[in-house]
file target13.cif (mmCIF, C-alpha atoms and all ligand atoms)
data_structure
#
loop_
_atom_site.label_atom_id
_atom_site.label_comp_id
_atom_site.auth_asym_id
_atom_site.auth_seq_id
_atom_site.Cartn_x
_atom_site.Cartn_y
_atom_site.Cartn_z
CA MET R 1 -9.25 -16.53 31.42
CA ILE R 2 -10.41 -17.53 27.94
CA GLN R 3 -11.04 -13.94 26.95
CA GLN R 4 -7.72 -12.75 28.41
CA THR R 5 -5.81 -15.46 26.58
CA ARG R 6 -7.50 -14.57 23.32
CA GLU R 7 -6.80 -10.86 23.78
CA LYS R 8 -3.17 -11.52 24.65
CA PHE R 9 -2.85 -13.57 21.48
CA ILE R 10 -4.37 -10.83 19.33
CA THR R 11 -2.05 -8.24 20.92
CA LEU R 12 1.04 -10.37 20.33
CA PHE R 13 0.26 -11.95 16.98
CA GLY R 14 -2.42 -9.74 15.42
CA LYS R 15 -5.01 -12.35 14.40
CA GLU R 16 -7.86 -14.46 15.76
CA PRO R 17 -6.75 -17.73 17.37
CA LEU R 18 -8.37 -21.08 17.94
CA ILE R 19 -9.13 -21.46 21.67
CA VAL R 20 -8.81 -24.78 23.48
CA VAL R 21 -9.59 -25.38 27.17
CA SER R 22 -7.75 -28.32 28.72
CA PRO R 23 -8.48 -29.34 32.32
CA GLY R 24 -6.50 -30.79 35.21
CA ARG R 25 -7.72 -33.99 36.83
CA ILE R 26 -8.54 -35.59 40.12
CA ASN R 27 -8.52 -39.31 40.82
CA LEU R 28 -10.98 -40.67 43.37
CA ILE R 29 -9.12 -43.95 43.81
CA GLY R 30 -6.64 -46.15 41.94
CA GLU R 31 -3.21 -44.63 42.39
CA HIS R 32 -0.11 -46.07 40.69
CA THR R 33 -2.32 -48.75 39.18
CA ASP R 34 -2.39 -47.43 35.61
CA TYR R 35 1.11 -48.56 34.62
CA ASN R 36 0.33 -51.94 36.20
CA ASP R 37 -2.57 -52.51 33.78
CA GLY R 38 -5.07 -51.92 36.60
CA PHE R 39 -8.07 -49.61 37.03
CA VAL R 40 -8.35 -45.91 37.85
CA LEU R 41 -11.29 -43.64 38.65
CA PRO R 42 -10.41 -40.10 37.56
CA ALA R 43 -12.36 -37.02 36.43
CA ALA R 44 -11.49 -33.72 34.76
CA ILE R 45 -11.89 -30.61 36.94
CA ASP R 46 -12.49 -26.87 36.82
CA LYS R 47 -8.79 -25.98 36.90
CA LYS R 48 -7.47 -25.64 33.40
CA ILE R 49 -4.92 -24.68 30.78
CA VAL R 50 -6.15 -22.35 28.03
CA TYR R 51 -4.52 -22.33 24.61
CA ALA R 52 -4.84 -19.73 21.88
CA VAL R 53 -3.25 -21.01 18.65
CA ALA R 54 -2.99 -20.04 14.98
CA LEU R 55 -0.64 -20.95 12.16
CA ASN R 56 2.09 -18.52 11.10
CA ASN R 57 3.19 -19.84 7.68
CA THR R 58 6.75 -20.48 8.86
CA ARG R 59 8.63 -23.48 10.27
CA LYS R 60 8.86 -21.84 13.69
CA CYS R 61 6.66 -22.20 16.77
CA ASN R 62 6.39 -19.16 19.04
CA VAL R 63 4.81 -19.80 22.42
CA HIS R 64 3.99 -17.10 24.95
CA ALA R 65 3.36 -18.35 28.49
CA VAL R 66 1.18 -15.99 30.51
CA PHE R 67 2.30 -17.60 33.81
CA THR R 68 5.96 -16.72 33.28
CA ASN R 69 5.38 -13.81 30.92
CA GLU R 70 7.96 -15.07 28.45
CA THR R 71 7.92 -16.13 24.82
CA VAL R 72 9.91 -19.17 23.77
CA SER R 73 10.45 -20.15 20.14
CA PHE R 74 11.60 -23.39 18.60
CA ASP R 75 12.30 -24.60 15.12
CA LEU R 76 10.34 -27.51 13.68
CA GLU R 77 13.57 -28.90 12.20
CA HIS R 78 15.14 -29.08 15.67
CA VAL R 79 12.69 -30.45 18.23
CA VAL R 80 14.81 -31.79 21.10
CA PRO R 81 14.31 -31.96 24.89
CA THR R 82 14.68 -28.45 26.30
CA PRO R 83 14.56 -27.33 29.95
CA GLY R 84 11.41 -25.62 31.23
CA TRP R 85 7.69 -25.75 30.47
CA ILE R 86 8.28 -25.62 26.70
CA ASN R 87 9.53 -29.23 26.94
CA TYR R 88 5.95 -30.47 27.35
CA LEU R 89 4.84 -28.77 24.14
CA MET R 90 7.93 -29.82 22.25
CA GLY R 91 7.36 -33.40 23.35
CA VAL R 92 3.93 -33.29 21.71
CA VAL R 93 5.27 -31.78 18.49
CA TYR R 94 8.06 -34.35 18.43
CA GLN R 95 5.62 -37.23 18.81
CA LEU R 96 3.37 -35.83 16.09
CA GLN R 97 6.36 -35.68 13.77
CA GLN R 98 7.34 -39.23 14.74
CA GLY R 99 3.82 -40.37 13.90
CA ASN R 100 4.01 -38.66 10.49
CA TYR R 101 1.37 -36.09 11.38
CA PRO R 102 2.35 -32.95 9.44
CA VAL R 103 3.08 -29.95 11.69
CA GLU R 104 3.64 -26.41 10.40
CA GLY R 105 4.77 -23.36 12.37
CA PHE R 106 2.29 -21.87 14.81
CA ASP R 107 1.94 -18.99 17.25
CA CYS R 108 0.50 -19.77 20.63
CA VAL R 109 -0.44 -18.24 23.97
CA ILE R 110 -0.76 -20.58 26.93
CA ALA R 111 -2.37 -19.58 30.23
CA GLY R 112 -3.71 -21.57 33.14
CA ASP R 113 -4.68 -21.91 36.78
CA ILE R 114 -3.64 -25.50 37.50
CA PRO R 115 -1.07 -25.27 40.28
CA VAL R 116 2.19 -26.88 39.13
CA GLY R 117 3.48 -29.83 41.17
CA ALA R 118 0.15 -30.17 42.98
CA GLY R 119 -0.68 -33.61 41.57
CA LEU R 120 -3.47 -32.19 39.39
CA SER R 121 -1.62 -33.04 36.21
CA SER R 122 -0.92 -29.70 34.66
CA SER R 123 1.51 -31.54 32.37
CA ALA R 124 -1.18 -33.78 30.84
CA ALA R 125 -3.35 -30.68 30.40
CA VAL R 126 -0.54 -28.95 28.50
CA GLU R 127 -0.04 -32.03 26.33
CA GLY R 128 -3.71 -32.86 25.73
CA GLY R 129 -4.64 -29.26 24.93
CA LEU R 130 -1.92 -28.95 22.32
CA VAL R 131 -2.65 -32.29 20.64
CA ALA R 132 -6.35 -31.38 20.46
CA ALA R 133 -5.57 -27.92 19.05
CA LEU R 134 -3.21 -29.23 16.38
CA ASP R 135 -5.55 -32.10 15.54
CA HIS R 136 -8.30 -29.56 14.95
CA ILE R 137 -6.14 -27.16 12.93
CA PHE R 138 -4.48 -29.80 10.74
CA ARG R 139 -7.53 -32.09 10.61
CA TYR R 140 -5.60 -35.20 11.60
CA GLY R 141 -8.84 -36.89 12.65
CA MET R 142 -7.28 -38.50 15.72
CA SER R 143 -9.54 -40.19 18.27
CA ARG R 144 -9.42 -38.91 21.83
CA MET R 145 -7.66 -42.13 22.85
CA GLU R 146 -5.02 -41.67 20.15
CA MET R 147 -4.47 -38.16 21.47
CA ALA R 148 -4.09 -39.46 25.03
CA LEU R 149 -1.60 -42.11 23.96
CA LEU R 150 0.38 -39.53 22.02
CA GLY R 151 0.45 -37.25 25.08
CA GLN R 152 1.73 -40.15 27.16
CA ARG R 153 4.51 -40.84 24.65
CA ALA R 154 5.40 -37.15 24.77
CA GLU R 155 5.71 -37.34 28.56
CA HIS R 156 7.90 -40.45 28.32
CA SER R 157 10.22 -39.09 25.69
CA PHE R 158 10.70 -35.44 26.68
CA PRO R 159 10.20 -34.85 30.44
CA GLY R 160 11.20 -38.52 30.83
CA VAL R 161 8.46 -39.54 33.29
CA LYS R 162 7.38 -43.11 32.47
CA CYS R 163 3.80 -42.31 33.42
CA GLY R 164 0.72 -44.45 32.89
CA ILE R 165 -2.22 -43.35 30.75
CA MET R 166 -4.54 -42.03 33.48
CA ASP R 167 -3.77 -38.31 33.32
CA GLN R 168 -3.82 -37.89 29.55
CA PHE R 169 -6.93 -40.09 29.39
CA ALA R 170 -8.84 -38.07 32.00
CA ASN R 171 -7.82 -34.79 30.42
CA LEU R 172 -9.32 -35.83 27.08
CA HIS R 173 -12.29 -37.96 28.19
CA GLY R 174 -13.65 -36.15 31.23
CA LYS R 175 -17.42 -35.53 31.40
CA LYS R 176 -19.18 -32.98 33.56
CA ASP R 177 -20.31 -34.42 36.92
CA GLN R 178 -19.11 -37.93 36.03
CA VAL R 179 -16.14 -39.97 37.08
CA VAL R 180 -14.78 -42.53 34.68
CA ARG R 181 -13.40 -45.94 35.44
CA LEU R 182 -10.68 -46.86 32.98
CA ASP R 183 -9.34 -50.34 32.49
CA CYS R 184 -5.74 -49.40 31.74
CA ARG R 185 -5.12 -52.71 29.95
CA SER R 186 -7.99 -52.84 27.47
CA LEU R 187 -8.53 -49.05 27.51
CA GLU R 188 -12.27 -49.67 27.90
CA TYR R 189 -14.00 -47.16 30.11
CA GLU R 190 -17.29 -46.49 31.82
CA TYR R 191 -18.75 -43.28 33.20
CA PHE R 192 -20.48 -43.06 36.58
CA PRO R 193 -22.42 -40.03 37.77
CA PHE R 194 -20.80 -38.46 40.81
CA ASP R 195 -24.11 -37.44 42.20
CA PHE R 196 -23.66 -36.54 45.86
CA PRO R 197 -25.17 -33.07 46.34
CA ASP R 198 -24.34 -33.15 50.06
CA TYR R 199 -20.63 -33.60 49.44
CA ARG R 200 -17.84 -31.57 47.89
CA ILE R 201 -14.48 -32.66 46.55
CA VAL R 202 -11.92 -30.62 48.44
CA LEU R 203 -8.23 -30.59 47.54
CA CYS R 204 -5.69 -29.57 50.16
CA ASN R 205 -2.42 -28.50 48.55
CA SER R 206 0.49 -29.16 50.92
CA MET R 207 2.55 -26.70 48.85
CA VAL R 208 5.33 -29.29 49.02
CA HIS R 209 6.98 -30.18 45.74
CA HIS R 210 9.74 -32.76 45.95
CA SER R 211 12.26 -32.76 43.16
CA LEU R 212 12.45 -36.55 43.63
CA ALA R 213 8.95 -36.95 42.23
CA SER R 214 9.85 -37.99 38.67
CA SER R 215 12.94 -40.08 39.45
CA GLU R 216 11.21 -41.95 42.28
CA TYR R 217 8.16 -42.44 40.08
CA ASN R 218 10.28 -44.32 37.56
CA VAL R 219 11.86 -46.34 40.38
CA ARG R 220 8.39 -47.44 41.56
CA ARG R 221 7.49 -48.53 38.08
CA HIS R 222 10.69 -50.55 37.85
CA GLN R 223 10.07 -52.19 41.24
CA CYS R 224 6.63 -53.33 40.07
CA GLU R 225 8.21 -54.89 36.99
CA GLU R 226 10.77 -56.63 39.19
CA GLY R 227 7.94 -58.15 41.23
CA VAL R 228 6.18 -59.35 38.08
CA LYS R 229 9.36 -61.08 36.84
CA ALA R 230 9.68 -63.01 40.11
CA ILE R 231 6.01 -64.06 40.04
CA GLN R 232 6.31 -65.15 36.40
CA VAL R 233 8.76 -67.91 37.37
CA LEU R 234 5.87 -69.77 39.01
CA HIS R 235 3.05 -68.16 37.02
CA PRO R 236 4.14 -67.41 33.45
CA GLU R 237 0.60 -66.29 32.63
CA VAL R 238 1.04 -63.18 34.82
CA LYS R 239 1.78 -60.29 32.46
CA SER R 240 1.54 -57.47 35.00
CA LEU R 241 0.48 -56.91 38.62
CA ARG R 242 -3.09 -56.73 37.32
CA ASP R 243 -2.94 -60.52 36.92
CA ALA R 244 -1.26 -61.23 40.24
CA THR R 245 -2.86 -62.17 43.55
CA LEU R 246 -1.58 -61.79 47.10
CA PRO R 247 -0.94 -65.57 47.46
CA MET R 248 1.17 -65.46 44.27
CA LEU R 249 3.18 -62.63 45.75
CA GLU R 250 3.55 -64.42 49.11
CA ALA R 251 4.96 -67.45 47.28
CA VAL R 252 7.95 -65.42 46.06
CA ARG R 253 8.29 -63.14 49.05
CA THR R 254 11.66 -64.53 50.19
CA GLN R 255 13.14 -63.95 46.74
CA LEU R 256 12.17 -60.29 46.65
CA PRO R 257 13.78 -57.26 48.25
CA ALA R 258 11.40 -56.17 51.06
CA LYS R 259 10.62 -52.90 49.31
CA VAL R 260 9.67 -54.64 46.06
CA TYR R 261 7.33 -56.91 48.02
CA ASP R 262 5.72 -53.87 49.67
CA ARG R 263 5.26 -52.02 46.37
CA CYS R 264 3.62 -55.03 44.74
CA LYS R 265 1.38 -55.69 47.73
CA TYR R 266 0.10 -52.14 47.62
CA VAL R 267 -0.63 -52.29 43.88
CA ILE R 268 -2.43 -55.66 44.03
CA GLU R 269 -4.59 -54.38 46.90
CA GLU R 270 -5.24 -51.05 45.22
CA ILE R 271 -6.41 -52.61 41.96
CA GLN R 272 -8.99 -54.56 43.98
CA ARG R 273 -9.96 -51.41 45.91
CA VAL R 274 -10.91 -49.61 42.69
CA GLN R 275 -13.26 -52.45 41.78
CA ASP R 276 -14.82 -52.41 45.25
CA ALA R 277 -15.02 -48.62 45.22
CA THR R 278 -16.91 -48.61 41.92
CA THR R 279 -19.51 -50.98 43.36
CA LEU R 280 -19.88 -48.68 46.38
CA LEU R 281 -20.19 -45.63 44.18
CA LYS R 282 -22.97 -47.27 42.16
CA ALA R 283 -24.73 -48.16 45.41
CA GLY R 284 -24.39 -44.55 46.62
CA ASP R 285 -22.36 -45.64 49.65
CA LEU R 286 -19.92 -42.77 49.98
CA LYS R 287 -19.16 -43.60 53.63
CA THR R 288 -17.61 -47.00 52.87
CA PHE R 289 -16.04 -45.52 49.73
CA GLY R 290 -14.28 -43.04 52.02
CA GLN R 291 -12.88 -45.87 54.13
CA LEU R 292 -11.25 -47.27 51.01
CA MET R 293 -9.67 -43.87 50.35
CA TYR R 294 -8.12 -43.94 53.82
CA ALA R 295 -6.88 -47.47 53.14
CA THR R 296 -5.31 -46.25 49.89
CA HIS R 297 -3.55 -43.50 51.77
CA GLU R 298 -2.20 -45.96 54.30
CA GLY R 299 -0.84 -48.12 51.48
CA LEU R 300 0.65 -45.17 49.59
CA SER R 301 2.31 -43.96 52.75
CA SER R 302 3.66 -47.13 54.34
CA LEU R 303 4.00 -49.63 51.47
CA TYR R 304 4.44 -47.55 48.33
CA GLU R 305 6.24 -44.73 50.18
CA VAL R 306 5.13 -41.87 47.96
CA SER R 307 3.67 -39.72 50.74
CA CYS R 308 5.54 -37.25 52.94
CA PRO R 309 5.02 -35.92 56.50
CA GLU R 310 2.98 -32.94 55.29
CA LEU R 311 0.55 -35.13 53.32
CA ASP R 312 0.26 -37.64 56.16
CA PHE R 313 -0.51 -34.72 58.46
CA LEU R 314 -3.24 -33.42 56.13
CA VAL R 315 -4.87 -36.87 56.03
CA SER R 316 -4.64 -37.19 59.81
CA LEU R 317 -6.43 -33.82 60.09
CA ALA R 318 -9.17 -35.09 57.80
CA LYS R 319 -9.57 -38.20 59.96
CA GLU R 320 -10.30 -35.99 62.96
CA ARG R 321 -13.32 -34.46 61.23
CA GLU R 322 -16.68 -36.12 61.13
CA GLU R 323 -17.67 -34.15 58.02
CA VAL R 324 -14.91 -35.90 56.02
CA THR R 325 -15.85 -39.28 54.67
CA GLY R 326 -12.46 -40.10 53.12
CA ALA R 327 -9.11 -38.55 52.26
CA ARG R 328 -5.78 -39.53 50.74
CA VAL R 329 -2.76 -38.28 48.85
CA MET R 330 -3.62 -37.95 45.17
CA GLY R 331 -1.54 -38.40 42.00
CA GLY R 332 2.09 -39.41 41.81
CA GLY R 333 2.81 -38.25 45.39
CA PHE R 334 5.95 -36.80 47.06
CA GLY R 335 4.00 -33.60 47.64
CA GLY R 336 1.00 -31.95 46.05
CA CYS R 337 -2.59 -32.41 47.18
CA THR R 338 -4.77 -34.63 49.28
CA ILE R 339 -8.28 -35.30 47.99
CA ASN R 340 -11.04 -35.11 50.62
CA LEU R 341 -14.76 -35.84 50.38
CA VAL R 342 -16.32 -33.27 52.69
CA ARG R 343 -19.92 -32.59 53.71
CA GLN R 344 -21.06 -29.56 51.82
CA ASP R 345 -22.40 -27.63 54.82
CA LYS R 346 -19.09 -27.98 56.67
CA VAL R 347 -16.64 -27.14 53.90
CA GLU R 348 -15.75 -23.71 55.28
CA GLU R 349 -15.29 -25.10 58.79
CA PHE R 350 -13.02 -27.79 57.37
CA ARG R 351 -11.09 -25.22 55.38
CA SER R 352 -10.30 -23.05 58.39
CA PHE R 353 -9.54 -26.05 60.62
CA VAL R 354 -7.01 -27.46 58.13
CA THR R 355 -5.51 -24.07 57.37
CA ASP R 356 -4.97 -23.20 61.04
CA ARG R 357 -3.55 -26.55 62.06
CA TYR R 358 -1.28 -26.85 59.01
CA GLN R 359 -0.05 -23.31 59.52
CA GLN R 360 0.76 -24.07 63.17
CA GLN R 361 2.59 -27.25 62.25
CA TYR R 362 4.56 -26.13 59.20
CA GLY R 363 4.55 -22.34 59.37
CA LYS R 364 2.92 -22.04 55.95
CA ALA R 365 -0.64 -22.08 54.71
CA PRO R 366 -1.97 -24.88 52.52
CA GLU R 367 -4.06 -23.91 49.51
CA ILE R 368 -7.56 -25.37 49.58
CA TYR R 369 -9.59 -25.84 46.40
CA VAL R 370 -13.24 -26.83 46.39
CA THR R 371 -13.35 -28.38 42.97
CA THR R 372 -16.05 -29.47 40.52
CA ILE R 373 -16.05 -32.14 37.83
CA GLN R 374 -16.01 -30.74 34.31
CA ASN R 375 -15.69 -31.80 30.69
CA GLY R 376 -12.36 -32.91 29.30
CA THR R 377 -10.45 -30.87 26.73
CA VAL R 378 -12.83 -28.71 24.71
CA ILE R 379 -12.35 -26.86 21.45
CA ASN R 380 -14.04 -23.51 21.96
CA THR R 381 -16.93 -23.56 19.53
CA ASP R 382 -16.89 -19.81 18.81
CA THR R 383 -13.38 -20.18 17.45
CA ALA R 384 -13.63 -23.73 16.10
CA ASP R 385 -14.42 -22.76 12.55
CA PHE R 386 -10.81 -22.48 11.51
CA PRO R 387 -10.67 -20.43 8.30
CA ASP R 388 -8.03 -20.98 5.66
CA GLU R 389 -6.46 -17.58 6.18
CA ARG R 390 -5.29 -18.78 9.62
CA ARG R 391 -3.60 -21.75 8.00
C1 LIG A 401 1.05 -39.55 37.84
C2 LIG A 401 1.11 -40.29 36.51
F1 LIG A 401 1.22 -39.42 35.49
C3 LIG A 401 -0.10 -41.19 36.30
O1 LIG A 401 0.07 -41.95 35.13
C4 LIG A 401 -0.35 -42.09 37.50
O2 LIG A 401 0.56 -43.16 37.52
C5 LIG A 401 -0.29 -41.29 38.80
O3 LIG A 401 0.88 -40.50 38.90
C6 LIG A 401 -0.34 -42.18 40.00
O4 LIG A 401 -1.55 -42.85 40.04
O5 LIG A 401 0.01 -38.63 37.86
#
call {"tool": "encode", "arguments": {"input": "target13.cif", "output": "structure tokens"}}
result
Amino acid sequence: MIQQTREKFITLFGKEPLIVVSPGRINLIGEHTDYNDGFVLPAAIDKKIVYAVALNNTRKCNVHAVFTNETVSFDLEHVVPTPGWINYLMGVVYQLQQGNYPVEGFDCVIAGDIPVGAGLSSSAAVEGGLVAALDHIFRYGMSRMEMALLGQRAEHSFPGVKCGIMDQFANLHGKKDQVVRLDCRSLEYEYFPFDFPDYRIVLCNSMVHHSLASSEYNVRRHQCEEGVKAIQVLHPEVKSLRDATLPMLEAVRTQLPAKVYDRCKYVIEEIQRVQDATTLLKAGDLKTFGQLMYATHEGLSSLYEVSCPELDFLVSLAKEREEVTGARVMGGGFGGCTINLVRQDKVEEFRSFVTDRYQQQYGKAPEIYVTTIQNGTVINTDTADFPDERR
């Protein structure tokens, strides 16, 4: 894909580009905890966005998307929210401008194989890849964390999803064969080898994509804040659900709408699960780790209500299989993928079992990806020496 993207760029724009590879992400456990100052355990994967970029000495940005085979241009004097995939790039440019990072016109080809709406965070990959490319070209000298935070602001301000930091963080900090536990409050992080040669990480894409995903996401975030406000009356020291305990929540239960109580209960439990899961991972106990994944799914489905019948069905299929140690809906929810830890020697059996049963139930095939953990966003070294004539 890298070579094709480069060639497409040369055909369209007639010069050598900088190439940046920007991955999607998985998250082993810790869902909807990031915007509650909790912990997450993500990793970057082998599905990616590829950018080819060079400057064009104008004030215009011309972006060709291979996946839709269209070129969209925008003016650097007029960067405003715009429908379609270009919004994610414009959000990044807007935030760079807001942060007084100089941006000049550029030409760009964007390609990728991260399925959209699958919960693998193609949007953070689009954002992180572009920040990294422009940082390299303009020599801003941003840290990876600054890039992630800028990507998050882009997501808030242009697509309007009030996301946490997990996706942009994982996209820019991923390390091959390692998962990373991020403390979303202090932004401190620690890598852990994901060293289980007998297991594979298998993603089952329900192929469901609910349009509610972003609006309901923001509603969940608001409900968590509502819970925190109620708890603060008795416990002013509680700044977010990260600081809350189940007894604190119980004490205000009667003052909360039932749904707000449920949302908060899930988050408080999930933040603890990530801590427990990390201990299990260090001890090499993938079996008990898997039980926590099932518990997360249960919480996401019945308390947080971000699952859907198709995802619940995929997890129930996983539960039937002895080769699966754990499974759950992954990412924001309302469609997309389940993540499954599956014994390596039974992956193909699992694949055909899930495909057949899902097909029977819903009349459509799921997509199944056996994924690997890879590095976060990478500047392609062969193209990294960015000569002045491309400026
Ligand atoms: C989406 C968001 F972008 C993340 O910040 C995170 O909240 C996730 O949903 C749920 O864990 O991917």
call {"tool": "closest_atom_pairs", "arguments": {"input": "target13.cif", "of": "chain R", "to": "ligand LIG 401 (chain A)", "cutoff": "7 Å", "atoms": "all atoms listed in the file", "output": "JSON lines"}}
result
{"residue": "R:Gly30", "atom": "CA", "partner": "A:LIG401", "partner_atom": "O4", "distance": 6.4}
{"residue": "R:Glu31", "atom": "CA", "partner": "A:LIG401", "partner_atom": "O4", "distance": 3.4}
{"residue": "R:His32", "atom": "CA", "partner": "A:LIG401", "partner_atom": "O4", "distance": 3.6}
{"residue": "R:Thr33", "atom": "CA", "partner": "A:LIG401", "partner_atom": "O4", "distance": 6.0}
{"residue": "R:Asp34", "atom": "CA", "partner": "A:LIG401", "partner_atom": "O2", "distance": 5.5}
{"residue": "R:Tyr35", "atom": "CA", "partner": "A:LIG401", "partner_atom": "O2", "distance": 6.2}
{"residue": "R:Gly119", "atom": "CA", "partner": "A:LIG401", "partner_atom": "O5", "distance": 6.3}
{"residue": "R:Ser121", "atom": "CA", "partner": "A:LIG401", "partner_atom": "O5", "distance": 6.1}
{"residue": "R:Cys163", "atom": "CA", "partner": "A:LIG401", "partner_atom": "O1", "distance": 4.1}
{"residue": "R:Gly164", "atom": "CA", "partner": "A:LIG401", "partner_atom": "O1", "distance": 3.4}
{"residue": "R:Ile165", "atom": "CA", "partner": "A:LIG401", "partner_atom": "O1", "distance": 5.1}
{"residue": "R:Met166", "atom": "CA", "partner": "A:LIG401", "partner_atom": "O1", "distance": 4.9}
{"residue": "R:Asp167", "atom": "CA", "partner": "A:LIG401", "partner_atom": "C3", "distance": 5.5}
{"residue": "R:Gly331", "atom": "CA", "partner": "A:LIG401", "partner_atom": "O5", "distance": 4.4}
{"residue": "R:Gly332", "atom": "CA", "partner": "A:LIG401", "partner_atom": "O3", "distance": 3.3}
call {"tool": "closest_residue", "arguments": {"input": "target13.cif", "among": "R:Gln168, R:Thr5, R:Gln98, R:Gln360", "to": "His64 of chain R", "atoms": "only C-alpha atoms"}}
result
R:Thr5
call {"tool": "atom_distance", "arguments": {"input": "target13.cif", "atom1": "atom CA of Leu182 of chain R", "atom2": "atom CA of Val40 of chain R"}}
result
5.5 Å
call {"tool": "residues_around", "arguments": {"input": "target13.cif", "residues": "Pro83 of chain R", "least_positions_apart": "5", "cutoff": "12 Å", "atoms": "only C-alpha atoms", "output": "list in words"}}
result
Val72, Tyr88, Leu89, Met90, Gly91, Phe158, Pro159 and Gly160 of chain R
call {"tool": "closest_residue", "arguments": {"input": "target13.cif", "among": "R:Glu216, R:Asp195, R:Glu310, R:Asp385", "to": "Val354 of chain R", "atoms": "all atoms listed in the file"}}
result
R:Glu310
